[in-house]
file structure.txt (compact mmCIF, C-alpha atoms and all ligand atoms)
# COMPACT_ATOMS: atom_id res chain seq x y z
CA MET A 1 42.52 -5.78 195.04
CA THR A 2 42.83 -4.37 191.56
CA GLY A 3 43.99 -0.81 190.99
CA LYS A 4 41.83 1.46 188.90
CA LEU A 5 42.74 2.92 185.53
CA ARG A 6 41.92 6.49 184.64
CA ARG A 7 42.09 7.95 181.14
CA ILE A 8 44.07 11.19 181.19
CA GLY A 9 44.44 11.97 177.49
CA THR A 10 45.17 10.58 174.05
CA PHE A 11 48.46 10.16 172.25
CA GLU A 12 48.71 9.23 168.59
CA GLY A 13 45.09 8.06 168.67
CA ARG A 14 45.47 5.83 171.73
CA ASP A 15 44.35 6.31 175.32
CA VAL A 16 46.83 7.57 177.87
CA LEU A 17 46.06 5.73 181.11
CA GLU A 18 47.01 6.28 184.70
CA THR A 19 46.95 4.10 187.77
CA THR A 20 47.74 5.23 191.29
CA LEU A 21 49.62 3.05 193.74
CA ALA A 22 48.82 3.61 197.41
CA SER A 23 50.56 2.32 200.53
CA ASP A 24 49.62 1.91 204.18
CA THR A 25 51.90 4.82 205.13
CA GLY A 26 49.84 7.14 202.92
CA VAL A 27 52.23 7.40 199.97
CA ARG A 28 50.57 7.72 196.54
CA ILE A 29 52.34 7.31 193.22
CA ALA A 30 50.64 7.96 189.88
CA VAL A 31 52.04 6.02 186.91
CA ILE A 32 51.04 6.63 183.29
CA ASN A 33 51.54 4.44 180.24
CA TYR A 34 53.27 7.27 178.30
CA GLY A 35 56.96 6.54 178.82
CA ALA A 36 56.02 4.29 181.79
CA SER A 37 56.34 7.60 183.62
CA ILE A 38 55.83 8.47 187.25
CA ARG A 39 53.56 11.49 186.88
CA ASP A 40 53.18 12.28 190.57
CA TRP A 41 54.57 10.95 193.88
CA ARG A 42 53.05 12.23 197.11
CA VAL A 43 54.23 11.77 200.66
CA PRO A 44 52.27 12.89 203.73
CA VAL A 45 54.12 15.63 205.63
CA ASP A 46 52.40 17.35 208.57
CA GLY A 47 49.02 16.18 207.37
CA ARG A 48 49.44 17.42 203.80
CA MET A 49 50.31 15.46 200.67
CA ARG A 50 53.61 16.87 199.39
CA PRO A 51 54.67 16.15 195.80
CA VAL A 52 58.29 14.93 195.75
CA VAL A 53 58.77 14.69 191.97
CA LEU A 54 58.16 17.10 189.11
CA GLY A 55 55.24 16.30 186.84
CA PHE A 56 52.35 17.76 184.91
CA ASP A 57 48.64 17.62 185.73
CA ARG A 58 47.77 17.81 182.05
CA PHE A 59 48.99 15.00 179.84
CA GLU A 60 49.26 17.22 176.76
CA HIS A 61 52.32 18.90 178.29
CA TYR A 62 54.34 15.67 178.25
CA PRO A 63 55.01 15.31 174.52
CA THR A 64 55.86 19.03 174.18
CA HIS A 65 58.96 19.11 176.36
CA ASP A 66 62.29 17.30 176.36
CA ALA A 67 63.01 17.03 180.07
CA TYR A 68 61.84 13.39 180.33
CA PHE A 69 59.88 14.05 183.56
CA GLY A 70 59.52 10.75 185.43
CA ALA A 71 60.03 8.67 182.28
CA VAL A 72 61.71 5.32 181.78
CA VAL A 73 64.31 6.24 179.17
CA GLY A 74 66.00 3.80 176.79
CA ARG A 75 66.82 1.70 174.88
CA VAL A 76 70.09 3.36 175.85
CA ALA A 77 69.83 6.24 178.29
CA ASN A 78 72.26 9.20 178.21
CA ARG A 79 74.47 9.85 175.20
CA ILE A 80 75.91 7.72 172.41
CA GLY A 81 78.73 9.72 170.82
CA GLY A 82 78.40 10.51 167.13
CA ALA A 83 75.06 8.64 167.22
CA ARG A 84 76.82 5.48 166.13
CA PHE A 85 78.46 2.34 167.40
CA THR A 86 79.99 -0.87 166.10
CA LEU A 87 78.85 -4.24 167.38
CA ASN A 88 80.25 -7.57 166.16
CA GLY A 89 81.90 -5.82 163.19
CA GLN A 90 78.79 -4.01 162.01
CA GLU A 91 78.24 -0.28 162.30
CA TYR A 92 74.85 1.00 163.50
CA ARG A 93 73.72 4.59 162.98
CA LEU A 94 71.13 6.07 165.27
CA PRO A 95 69.09 9.27 165.00
CA ALA A 96 71.03 12.25 166.41
CA ASN A 97 68.76 14.29 168.68
CA GLU A 98 71.31 16.40 170.55
CA GLY A 99 73.76 17.97 168.13
CA PRO A 100 75.66 15.10 166.51
CA ASN A 101 74.90 12.74 169.41
CA HIS A 102 72.10 10.37 170.35
CA LEU A 103 70.39 11.12 173.70
CA HIS A 104 68.07 8.92 175.78
CA GLY A 105 67.30 6.42 173.02
CA GLY A 106 66.49 9.00 170.35
CA PRO A 107 63.38 11.06 169.55
CA LYS A 108 61.11 8.03 169.86
CA GLY A 109 62.87 6.29 172.71
CA THR A 110 61.05 4.35 175.42
CA GLY A 111 60.30 7.55 177.35
CA SER A 112 58.26 9.04 174.52
CA VAL A 113 55.95 6.21 173.50
CA LEU A 114 52.94 4.41 174.96
CA TRP A 115 53.55 1.19 176.89
CA GLU A 116 51.02 -1.52 177.77
CA MET A 117 49.89 -1.51 181.40
CA GLU A 118 49.23 -4.90 182.93
CA ASP A 119 49.12 -6.68 186.30
CA ILE A 120 47.68 -3.66 188.01
CA SER A 121 46.94 -3.79 191.74
CA ALA A 122 46.69 -1.22 194.50
CA GLN A 123 50.42 -1.48 195.25
CA ALA A 124 52.01 -2.55 191.95
CA VAL A 125 51.87 -2.18 188.21
CA ARG A 126 53.81 -3.76 185.37
CA LEU A 127 54.35 -2.03 182.03
CA ARG A 128 55.53 -3.69 178.86
CA LEU A 129 56.89 -2.43 175.58
CA VAL A 130 57.98 -4.24 172.44
CA SER A 131 60.55 -2.32 170.43
CA PRO A 132 60.88 -3.85 166.96
CA ASP A 133 64.22 -4.77 165.38
CA GLY A 134 65.80 -1.61 163.94
CA GLU A 135 63.71 0.86 165.94
CA MET A 136 65.72 4.06 166.54
CA GLY A 137 68.55 2.29 164.70
CA TYR A 138 69.13 -0.43 167.30
CA PRO A 139 69.52 -4.09 166.36
CA GLY A 140 67.26 -6.77 167.84
CA ARG A 141 63.60 -7.01 168.79
CA LEU A 142 63.50 -5.96 172.41
CA GLU A 143 60.78 -6.80 174.93
CA ILE A 144 61.07 -4.43 177.85
CA SER A 145 59.22 -4.50 181.13
CA VAL A 146 59.19 -2.36 184.21
CA THR A 147 57.44 -3.21 187.45
CA TYR A 148 56.76 -0.59 190.09
CA ARG A 149 55.93 -1.94 193.54
CA LEU A 150 55.15 0.35 196.47
CA THR A 151 55.63 -0.90 200.02
CA GLY A 152 55.31 1.66 202.80
CA ASN A 153 57.54 4.58 201.78
CA SER A 154 59.59 2.54 199.37
CA LEU A 155 59.21 2.09 195.63
CA ARG A 156 60.93 -0.93 194.13
CA MET A 157 61.55 -0.80 190.37
CA ASP A 158 62.46 -3.88 188.36
CA PHE A 159 63.52 -3.45 184.76
CA SER A 160 64.06 -6.28 182.33
CA ALA A 161 64.69 -6.60 178.61
CA VAL A 162 64.85 -9.67 176.40
CA THR A 163 66.34 -9.52 172.91
CA ASP A 164 66.60 -11.81 169.90
CA ALA A 165 70.01 -10.40 168.86
CA PRO A 166 72.96 -8.75 170.63
CA THR A 167 72.14 -5.12 171.38
CA PRO A 168 73.09 -2.38 173.87
CA VAL A 169 70.63 -1.55 176.66
CA ASN A 170 70.70 0.96 179.51
CA ILE A 171 67.27 1.65 180.97
CA VAL A 172 66.93 4.53 183.39
CA GLN A 173 64.16 6.06 185.49
CA HIS A 174 64.25 9.82 184.99
CA ASN A 175 62.44 11.29 188.01
CA TYR A 176 63.23 14.82 189.08
CA PHE A 177 63.06 14.87 192.86
CA ASN A 178 62.31 17.89 194.99
CA LEU A 179 61.76 16.93 198.60
CA MET A 180 60.47 20.41 199.48
CA GLY A 181 57.66 20.08 196.93
CA ALA A 182 58.70 23.15 194.94
CA GLY A 183 61.44 25.74 194.46
CA ASP A 184 65.19 25.35 194.08
CA ILE A 185 66.78 22.03 195.11
CA ARG A 186 70.16 23.52 196.00
CA GLY A 187 69.25 23.58 199.69
CA HIS A 188 69.09 19.77 199.62
CA THR A 189 71.96 17.70 201.00
CA LEU A 190 73.33 14.83 198.90
CA GLN A 191 75.55 11.89 199.77
CA VAL A 192 76.73 9.32 197.17
CA ALA A 193 78.91 6.24 197.71
CA ALA A 194 81.17 7.01 194.76
CA ASN A 195 84.96 7.39 194.82
CA ALA A 196 85.29 8.19 191.11
CA TYR A 197 83.53 9.77 188.14
CA THR A 198 83.62 9.47 184.38
CA VAL A 199 85.29 12.57 182.92
CA LEU A 200 83.33 14.47 180.28
CA GLY A 201 84.63 16.16 177.15
CA GLU A 202 82.97 17.85 174.21
CA GLY A 203 79.20 17.43 173.88
CA SER A 204 79.03 16.07 177.46
CA LEU A 205 80.50 12.79 176.20
CA PRO A 206 82.82 10.73 178.38
CA THR A 207 86.45 10.97 177.34
CA GLY A 208 86.96 7.45 178.68
CA GLU A 209 88.93 8.66 181.66
CA ILE A 210 87.83 7.68 185.17
CA LYS A 211 89.12 9.97 187.92
CA PRO A 212 88.86 10.07 191.71
CA VAL A 213 86.23 12.47 193.05
CA ALA A 214 88.57 13.64 195.82
CA GLY A 215 89.10 17.38 195.51
CA THR A 216 86.47 17.81 192.76
CA GLU A 217 82.92 19.14 192.71
CA PHE A 218 81.77 15.51 192.34
CA ASP A 219 82.85 14.53 195.83
CA PHE A 220 79.65 13.59 197.65
CA ARG A 221 81.22 10.89 199.85
CA ALA A 222 80.24 12.94 202.88
CA PRO A 223 76.81 14.68 202.90
CA ARG A 224 77.08 18.05 201.14
CA ARG A 225 74.59 20.76 200.38
CA LEU A 226 74.12 21.17 196.63
CA SER A 227 74.57 24.93 197.02
CA ASP A 228 78.10 24.85 198.35
CA ALA A 229 79.77 22.67 195.76
CA ALA A 230 83.20 24.07 196.59
CA GLY A 231 84.57 26.46 194.03
CA ALA A 232 82.96 24.57 191.19
CA PRO A 233 80.02 25.04 188.87
CA LEU A 234 76.83 24.53 190.83
CA ALA A 235 75.30 22.69 187.92
CA CYS A 236 76.06 18.98 188.04
CA ASP A 237 75.31 16.63 185.14
CA ASN A 238 77.77 13.81 185.54
CA ASN A 239 78.04 10.07 186.01
CA LEU A 240 79.52 8.96 189.31
CA VAL A 241 81.17 5.55 189.53
CA LEU A 242 79.52 3.70 192.40
CA ASP A 243 81.70 1.64 194.70
CA THR A 244 81.66 -1.91 193.34
CA ASN A 245 82.30 -3.69 196.61
CA ARG A 246 79.38 -2.02 198.33
CA ASP A 247 76.76 -3.73 200.47
CA PRO A 248 73.63 -4.02 198.23
CA ASP A 249 71.43 -3.49 201.28
CA ARG A 250 72.88 -0.05 201.94
CA PRO A 251 71.78 3.04 200.02
CA VAL A 252 74.23 4.36 197.41
CA ALA A 253 72.65 7.79 197.56
CA THR A 254 70.88 9.77 200.26
CA VAL A 255 69.20 13.14 199.86
CA MET A 256 67.84 15.31 202.63
CA ALA A 257 65.36 18.17 202.23
CA ALA A 258 66.63 21.65 203.12
CA ASP A 259 64.62 21.64 206.38
CA GLY A 260 65.20 17.96 207.17
CA SER A 261 61.50 17.19 206.70
CA LEU A 262 62.08 14.32 204.23
CA THR A 263 64.91 11.97 203.32
CA LEU A 264 65.36 9.96 200.14
CA SER A 265 67.50 6.85 199.96
CA LEU A 266 68.37 4.95 196.81
CA LYS A 267 69.61 1.39 196.41
CA THR A 268 70.56 -0.12 193.07
CA ASP A 269 72.51 -2.87 191.36
CA GLN A 270 73.87 -0.52 188.69
CA PRO A 271 77.52 0.61 188.34
CA GLY A 272 76.84 4.33 187.83
CA LEU A 273 74.68 7.20 189.01
CA GLN A 274 73.96 10.28 186.90
CA VAL A 275 73.59 13.27 189.20
CA TYR A 276 71.76 15.96 187.27
CA THR A 277 70.74 19.19 189.00
CA ALA A 278 68.76 20.52 186.02
CA GLY A 279 70.54 23.89 186.07
CA THR A 280 69.32 24.87 182.62
CA MET A 281 65.85 23.44 182.91
CA ASN A 282 63.30 25.73 181.33
CA ILE A 283 59.71 24.60 181.68
CA ALA A 284 57.22 27.12 180.34
CA VAL A 285 54.03 25.21 181.17
CA PRO A 286 52.57 24.76 184.65
CA GLY A 287 53.57 21.72 186.67
CA LEU A 288 51.65 19.86 189.40
CA GLU A 289 48.87 22.08 190.83
CA GLY A 290 50.15 24.99 188.76
CA ARG A 291 53.67 24.94 190.20
CA HIS A 292 56.40 26.73 188.25
CA TYR A 293 59.57 24.68 187.78
CA PRO A 294 62.65 26.93 187.64
CA PRO A 295 66.22 25.97 186.74
CA PHE A 296 67.50 23.74 189.60
CA GLY A 297 63.86 22.84 190.25
CA GLY A 298 64.58 19.11 190.52
CA LEU A 299 67.38 16.63 191.12
CA CYS A 300 67.70 13.52 188.92
CA LEU A 301 69.46 10.51 190.36
CA GLU A 302 69.71 8.08 187.46
CA ASP A 303 71.18 4.70 188.37
CA GLN A 304 72.63 3.38 185.17
CA ASN A 305 75.48 1.94 183.17
CA PHE A 306 78.13 4.51 182.22
CA PRO A 307 77.20 6.96 179.43
CA ASP A 308 78.41 5.99 175.93
CA ALA A 309 79.59 2.64 177.31
CA ILE A 310 79.07 1.02 173.89
CA ASN A 311 81.94 3.17 172.52
CA HIS A 312 84.29 2.61 175.48
CA PRO A 313 85.36 -1.05 175.72
CA HIS A 314 86.81 -0.57 179.24
CA PHE A 315 83.42 0.59 180.61
CA PRO A 316 81.00 -2.12 181.83
CA SER A 317 79.47 -3.66 178.71
CA PRO A 318 75.89 -2.59 177.94
CA VAL A 319 75.46 -5.41 175.41
CA ILE A 320 72.81 -8.01 176.11
CA THR A 321 72.22 -11.19 174.12
CA PRO A 322 69.35 -13.69 173.77
CA GLU A 323 71.15 -15.82 176.39
CA ARG A 324 71.99 -12.90 178.71
CA PRO A 325 68.93 -10.63 179.11
CA TYR A 326 68.92 -7.26 180.84
CA ARG A 327 68.03 -7.01 184.52
CA HIS A 328 68.16 -3.94 186.72
CA TRP A 329 66.60 -3.08 190.04
CA CYS A 330 66.36 0.09 192.03
CA GLU A 331 64.66 0.93 195.32
CA ILE A 332 63.86 4.46 196.39
CA ALA A 333 62.40 5.25 199.80
CA ILE A 334 61.17 8.75 200.66
CA GLY A 335 59.84 9.54 204.08
C1 LIG B 401 71.09 14.15 181.20
C2 LIG B 401 71.14 15.63 180.87
C3 LIG B 401 69.94 15.99 180.01
C4 LIG B 401 68.69 15.60 180.77
C5 LIG B 401 67.40 15.91 180.03
C6 LIG B 401 69.81 13.86 181.88
O1 LIG B 401 69.73 12.49 182.09
O2 LIG B 401 72.17 13.79 182.02
O3 LIG B 401 72.33 15.93 180.18
O4 LIG B 401 69.94 17.37 179.72
O5 LIG B 401 68.72 14.24 181.07
O6 LIG B 401 67.40 15.34 178.78

call {"tool": "encode", "arguments": {"input": "structure.txt", "output": "structure tokens", "more": "lines below"}}
Ligand code: BGC
result
Amino acid sequence: MTGKLRRIGTFEGRDVLETTLASDTGVRIAVINYGASIRDWRVPVDGRMRPVVLGFDRFEHYPTHDAYFGAVVGRVANRIGGARFTLNGQEYRLPANEGPNHLHGGPKGTGSVLWEMEDISAQAVRLRLVSPDGEMGYPGRLEISVTYRLTGNSLRMDFSAVTDAPTPVNIVQHNYFNLMGAGDIRGHTLQVAANAYTVLGEGSLPTGEIKPVAGTEFDFRAPRRLSDAAGAPLACDNNLVLDTNRDPDRPVATVMAADGSLTLSLKTDQPGLQVYTAGTMNIAVPGLEGRHYPPFGGLCLEDQNFPDAINHPHFPSPVITPERPYRHWCEIAIG
């Protein structure tokens, strides 16, 4: 069975298209070709379809904000310090779009452009993007693809990228989850299989130091409500270092709604997880069905390589080559 495409707007003279994946447990996920974004994700709760991500009903709101709602961000997600790096003896300069630093692949990163939608069925869709050599300052022509496949309550995401020259890649899905459907996420409980975190310095850039989470606000080894992050800032925007010797079949992160009505579990092959509680989020336009999204309105769980890894040789290398393409998978179940 082939999924249907719906036109939901235009962007730079091209059609913005949406397809909706549907599963036998009643889950529905709307995917658009702008940023390969998840625009809406609904789960049946007590006979009603509850949205569990933040999104907009109207496409025209997407290009006007910088929160990256539901987008696939790259080529290199998170920050690259000083918007520059050196690879094989050559320096590359990238556009700076957050002070002096480069964030989420720059102003025209993968989350802010139209992808091609292909292989569309009722349960799966594949999106493809070709980023030419030199785009946003990065070397190499990069062919990126993301496949979303919905089975029951679980969404499997497969990311791949093939290059014709060595280049850094870190592709991240930027959903904001809210298992209550609306309001503040600080009543949610979070657990993450991470013993350490990458320490941040000026401009939210890693200093290079990796420290144990024990005794810090980043200790989510046991389930903890986001509102009682002991004695520490409630706002979290940090990369946790996932346990490397973990069982890939076990979730690295689990989130529970304030009233226990829904649970999210996340599995991934990536070494890090950005936990971002969106404490300063400021969305002026209406969200899904007119919802208002306040600060702390959503929780991002971004499985990824470590931020600014290209400038920290002891972090896992983000460099791919023609012989060693990029692969990344993530599975999120909500029910
Ligand atoms: C980053 C935040 C940033 C947000 C929106 C997150 O992935 O960790 O620092 O503000 O994206 O751009």

call {"tool": "axis_aligned_box", "arguments": {"input": "structure.txt", "around": "ligand LIG 401 (chain B)", "padding_each_side": "5 Å", "output": "JSON"}}
result
{"center_x": 69.9, "center_y": 14.9, "center_z": 180.4, "size_x": 14.9, "size_y": 14.9, "size_z": 13.3}

call {"tool": "residues_around", "arguments": {"input": "structure.txt", "residues": "Leu94 in chain A", "least_positions_apart": "2", "cutoff": "6 Å", "atoms": "only C-alpha atoms", "output": "MDAnalysis selection string"}}
result
chainID A and resid 83:84 136:137

call {"tool": "write_last_selection", "arguments": {"input": "structure.txt", "atoms": "C-alpha atoms", "output": "PDB file, in the frame of the given file"}}
result
ATOM      1  CA  ALA A  83      75.060   8.640 167.220  1.00  0.00           C
ATOM      2  CA  ARG A  84      76.820   5.480 166.130  1.00  0.00           C
ATOM      3  CA  MET A 136      65.720   4.060 166.540  1.00  0.00           C
ATOM      4  CA  GLY A 137      68.550   2.290 164.700  1.00  0.00           C
TER       5      GLY A 137
END

call {"tool": "closest_residue", "arguments": {"input": "structure.txt", "among": "A:Asn178, A:Asn305, A:Thr198, A:Asn78", "to": "ligand LIG 401 (chain B)", "atoms": "all atoms listed in the file"}}
result
A:Asn78

call {"tool": "residues_around", "arguments": {"input": "structure.txt", "residues": "Gly203 in chain A", "least_positions_apart": "6", "cutoff": "10 Å", "atoms": "all atoms listed in the file", "output": "PyMOL selection string"}}
result
chain A and resi 79+81-82+98-101

call {"tool": "closest_residue", "arguments": {"input": "structure.txt", "among": "A:Ile80, A:Val241, A:Leu190, A:Ala333", "to": "Pro212 in chain A", "atoms": "only C-alpha atoms"}}
result
A:Val241

call {"tool": "residues_near_ligand", "arguments": {"input": "structure.txt", "ligand": "ligand LIG 401 (chain B)", "cutoff": "9 Å", "atoms": "all atoms listed in the file", "output": "list in words"}}
result
Asp66, Ala67, Tyr68, Phe69, Val73, Ala77, Asn78, Arg79, Leu103, His104, Val172, His174, Ser204, Cys236, Asp237, Asn238, Asn239, Gln274, Val275, Tyr276, Thr277, Ala278, Thr280, Met281, Cys300, Leu301, Glu302 and Pro307 of chain A

call {"tool": "atom_distance", "arguments": {"input": "structure.txt", "atom1": "CA of Asn245 in chain A", "atom2": "CA of Asp303 in chain A"}}
result
16.2 Å

call {"tool": "atom_distance", "arguments": {"input": "structure.txt", "atom1": "CA of Asn175 in chain A", "atom2": "CA of Ala36 in chain A"}}
result
11.4 Å

call {"tool": "closest_residue", "arguments": {"input": "structure.txt", "among": "A:Met49, A:Gln173, A:Pro295, A:Arg14", "to": "Ala71 in chain A", "atoms": "all atoms listed in the file"}}
result
A:Gln173
